[in-house]
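Notes for the one structure printed next.
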Amino acid sequence: MTSTRYRIFLTANYSPWSPYSGGGQYSTHQLASALSQLGHDVTVIFSKVPGEVIRVPANLTYQIEWAAFVGMKSSAFAPLRSLNTLTFFKKLRGLLKNDTTRLPMVVHSQGEEAAFFSRLKKDFSFSLLSTPRQPLQEVIKTSGTQGWWRKRPKFMALARTLREAQRFCPTSEKSAEEFLACFDLDSRKLVVVPNGIHPAFLRVERKNSAASGPIVFVGRLAKSKGIVQLVKAYEGLRGDSVPELHVVGRGPESVWIESFIQKHGLQNKVKLLGWQEPEHTAELLSHACMAALPSLEESFGNTVVEALAAGVPTVTTSAGSLAEIVGGKNIAKVISPENHEELQLAIQDLLDHPREAEVMATRARDAIRPQYSWDATARRYVGLYDELFVSVGTEH
């Protein structure tokens with residue numbers, strides 16, 4: 001625990017337990033848990049549609065507040081999502097006003113919801129940081145790197161958030177490069193802080209029978225995670241002993257996947273397991289012959305790092321930040337994004353060479369486990385909070 005104890009407000013659209021959620025919400029939860037375990041007073045403001053029932057675990061070590069999500073349902077494509085900046089502003093203002101802890105205050109956003117937070121500085125004293133968790137690879141590919149965001153309210157709000165934060169902290173060097181190029185940000189305020197790994201993936205032991213286990217996918221069932229390419233690649237695998245495909249997650253492509261399974265007679269081979277707690281996911285991976293995680297874009301790549309830490313032979317791509325994690329290290333089978341035929345060949349190669357796959361996976365586990373933990377990530381952020389607290393007279 002550091003000598004300075006902070007009152008920390010984290011903010012993020014949606015929550016890890018919402019119908020729509022992904023790595024950003026999961027990471028916010030893990031960071032909040034780690035910060036509270038270091039002794040800080042932590043509240044997370046998530047968003048939900050008024051009246052929406054979200055089942056939250058009972059054993060949280062931090063507090064939750066809810067900002068109203070503007071729309072009929074919380075989804076990635078909600079047309080009025082940018083208006084959530086106003087509901088987050090209102091909620092945070094109330095919490096700052098009613099705070100009685102007398103602790104130094106930190107506001108740490110995870111996205112565009114913080115666009116107007118800096119306006120609160122005229123009435124309240126707090127440090128303002130942002131960790132942008134939005135991958136930009138796809139929008140850059142379709143829109144170029146300059147000016148496109150001025151026509152999209154969500155990204156206009158994100159640009160404002162990052163420009164007004166005292167520090168902005170992407171989770172990879174690749175993401176940092178993209179944010180600087182797209183939004184013309186002040187690089188002096190940039191600090192890259194990688195995500196951590198849930199402890200379950202650091203302590204899980206690989207089962208002796210795993211070589212004959214299933215192929216496992218973990219992630220949001222969205223095109224950006226490569227699930228469409230994976231299902232197509234799996235259907236093309238041939239042989240008498242093709243393992244089952246177990247899909248962990250939920251998302252907008254679930255209906256397409258179910259239709260594909262029915263059309264190609266894969267009901268007994270592809271299992272849709274829904275969202276799972278990290279401990280259960282780690283246990284599933286310990287029984288898996290491989291993890292297939294062919295993302296098309298990543299700002300960090302939680303599931304890839306977790307699979308590598310669990311010691312599972314892994315097929316992934318060079319998309320976004322993944323090149324930093326796996327590129328040139330021979331710790332995973334790395335392919336180019338969006339090519340289901342190349343993905344099929346990579347999966348088949350690992351199936352055909354199980355001994356080599358296990359050696360690679362052991363090398364990955366030994367390389368990844370010492371590098372990432374949420375405790376280390378939380379301590380890195382606390383170091384930034386300390387820097388801003390010390391310099392409060394010049395930066396506020």
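By order in the structure tokens, chains are A, B, ...; within a chain, residues start at 1; ligands start at 1, following the order shown.
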(request) Determine, counting only C-alpha atoms, which protein, DNA and RNA residues have an atom within 8 Å of an atom of A:Glu205; residues of the same chain fewer than 4 positions away are not included. Present the result as a list in words. (result) Ser286, Ala310 and Gly311 of chain A
(request) From a DSSP pass on the backbone, collect the residues of stretch 229-286 of chain A flagged as helix (DSSP H, G or I) and hand them back as a ChimeraX atom specification. (result) /A:229-235,254-263,278-286
(message) One decimal, in Å: what's the spacing between atom CA of A:Ser15 and atom CA of A:Tyr372?
(response)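 So the answer is 22.9 Å.
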Fewer than 2 positions away in the same chain doesn't count, so skip those; otherwise give me all residues within 10 Å of A:Asp386, counting only C-alpha atoms, as an mmCIF file with N, CA, C and O atoms, in the first residue's frame.
```cif
data_model
loop_
_atom_site.group_PDB
_atom_site.id
_atom_site.type_symbol
_atom_site.label_atom_id
_atom_site.label_comp_id
_atom_site.auth_asym_id
_atom_site.auth_seq_id
_atom_site.Cartn_x
_atom_site.Cartn_y
_atom_site.Cartn_z
ATOM 1 N N THR A 2 0.528 2.247 -0.804
ATOM 2 C CA THR A 2 1.304 3.479 -0.873
ATOM 3 C C THR A 2 1.016 4.345 0.352
ATOM 4 O O THR A 2 0.038 4.155 1.062
ATOM 5 N N SER A 3 1.873 5.332 0.583
ATOM 6 C CA SER A 3 1.698 6.210 1.736
ATOM 7 C C SER A 3 0.484 7.107 1.572
ATOM 8 O O SER A 3 -0.112 7.534 2.556
ATOM 9 N N THR A 4 0.123 7.427 0.326
ATOM 10 C CA THR A 4 -1.054 8.253 0.071
ATOM 11 C C THR A 4 -2.234 7.362 -0.289
ATOM 12 O O THR A 4 -2.146 6.517 -1.177
ATOM 13 N N ARG A 5 -3.334 7.537 0.403
ATOM 14 C CA ARG A 5 -4.566 6.797 0.109
ATOM 15 C C ARG A 5 -5.479 7.723 -0.684
ATOM 16 O O ARG A 5 -5.676 8.890 -0.306
ATOM 17 N N TYR A 6 -6.033 7.205 -1.773
ATOM 18 C CA TYR A 6 -6.823 8.028 -2.682
ATOM 19 C C TYR A 6 -8.294 7.650 -2.673
ATOM 20 O O TYR A 6 -8.666 6.497 -2.418
ATOM 21 N N PRO A 104 -7.371 12.719 -1.105
ATOM 22 C CA PRO A 104 -7.091 13.255 -2.446
ATOM 23 C C PRO A 104 -7.906 12.474 -3.475
ATOM 24 O O PRO A 104 -7.960 11.237 -3.425
ATOM 25 N N SER A 127 -7.440 14.894 -9.658
ATOM 26 C CA SER A 127 -6.601 14.565 -10.804
ATOM 27 C C SER A 127 -7.445 13.829 -11.830
ATOM 28 O O SER A 127 -8.321 13.038 -11.478
ATOM 29 N N ARG A 380 1.172 0.742 -10.951
ATOM 30 C CA ARG A 380 1.665 1.692 -11.965
ATOM 31 C C ARG A 380 0.767 2.918 -12.015
ATOM 32 O O ARG A 380 1.253 4.063 -12.100
ATOM 33 N N TYR A 381 -0.546 2.700 -11.961
ATOM 34 C CA TYR A 381 -1.471 3.835 -11.983
ATOM 35 C C TYR A 381 -1.345 4.674 -10.712
ATOM 36 O O TYR A 381 -1.383 5.909 -10.769
ATOM 37 N N VAL A 382 -1.176 4.013 -9.579
ATOM 38 C CA VAL A 382 -1.024 4.766 -8.338
ATOM 39 C C VAL A 382 0.220 5.653 -8.405
ATOM 40 O O VAL A 382 0.225 6.786 -7.895
ATOM 41 N N GLY A 383 1.267 5.162 -9.063
ATOM 42 C CA GLY A 383 2.441 5.995 -9.270
ATOM 43 C C GLY A 383 2.114 7.255 -10.052
ATOM 44 O O GLY A 383 2.625 8.345 -9.752
ATOM 45 N N LEU A 384 1.228 7.116 -11.062
ATOM 46 C CA LEU A 384 0.797 8.297 -11.823
ATOM 47 C C LEU A 384 -0.059 9.216 -10.955
ATOM 48 O O LEU A 384 0.059 10.449 -11.034
ATOM 49 N N LEU A 388 0.739 13.253 -10.079
ATOM 50 C CA LEU A 388 -0.208 14.360 -10.250
ATOM 51 C C LEU A 388 -0.536 15.014 -8.920
ATOM 52 O O LEU A 388 -0.729 16.232 -8.849
ATOM 53 N N PHE A 389 -0.583 14.216 -7.867
ATOM 54 C CA PHE A 389 -0.872 14.781 -6.542
ATOM 55 C C PHE A 389 0.249 15.709 -6.095
ATOM 56 O O PHE A 389 0.019 16.801 -5.583
ATOM 57 N N VAL A 390 1.494 15.295 -6.328
ATOM 58 C CA VAL A 390 2.646 16.113 -5.954
ATOM 59 C C VAL A 390 2.657 17.421 -6.740
ATOM 60 O O VAL A 390 3.004 18.490 -6.212
ATOM 61 N N SER A 391 2.262 17.332 -8.035
ATOM 62 C CA SER A 391 2.311 18.521 -8.888
ATOM 63 C C SER A 391 0.972 19.248 -8.976
ATOM 64 O O SER A 391 0.745 20.026 -9.888
ATOM 65 N N VAL A 392 0.095 18.998 -8.007
ATOM 66 C CA VAL A 392 -1.258 19.540 -8.064
ATOM 67 C C VAL A 392 -1.245 21.069 -8.173
ATOM 68 O O VAL A 392 -2.101 21.674 -8.834
#
```
(request) Identify which of the residues A:Asn339, A:Ser212, A:Asn59, A:Ser125 lies closest to A:Lys232, counting only C-alpha atoms when measuring atom-to-atom distances. (result)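 Nearest to A:Lys232: A:Asn339.
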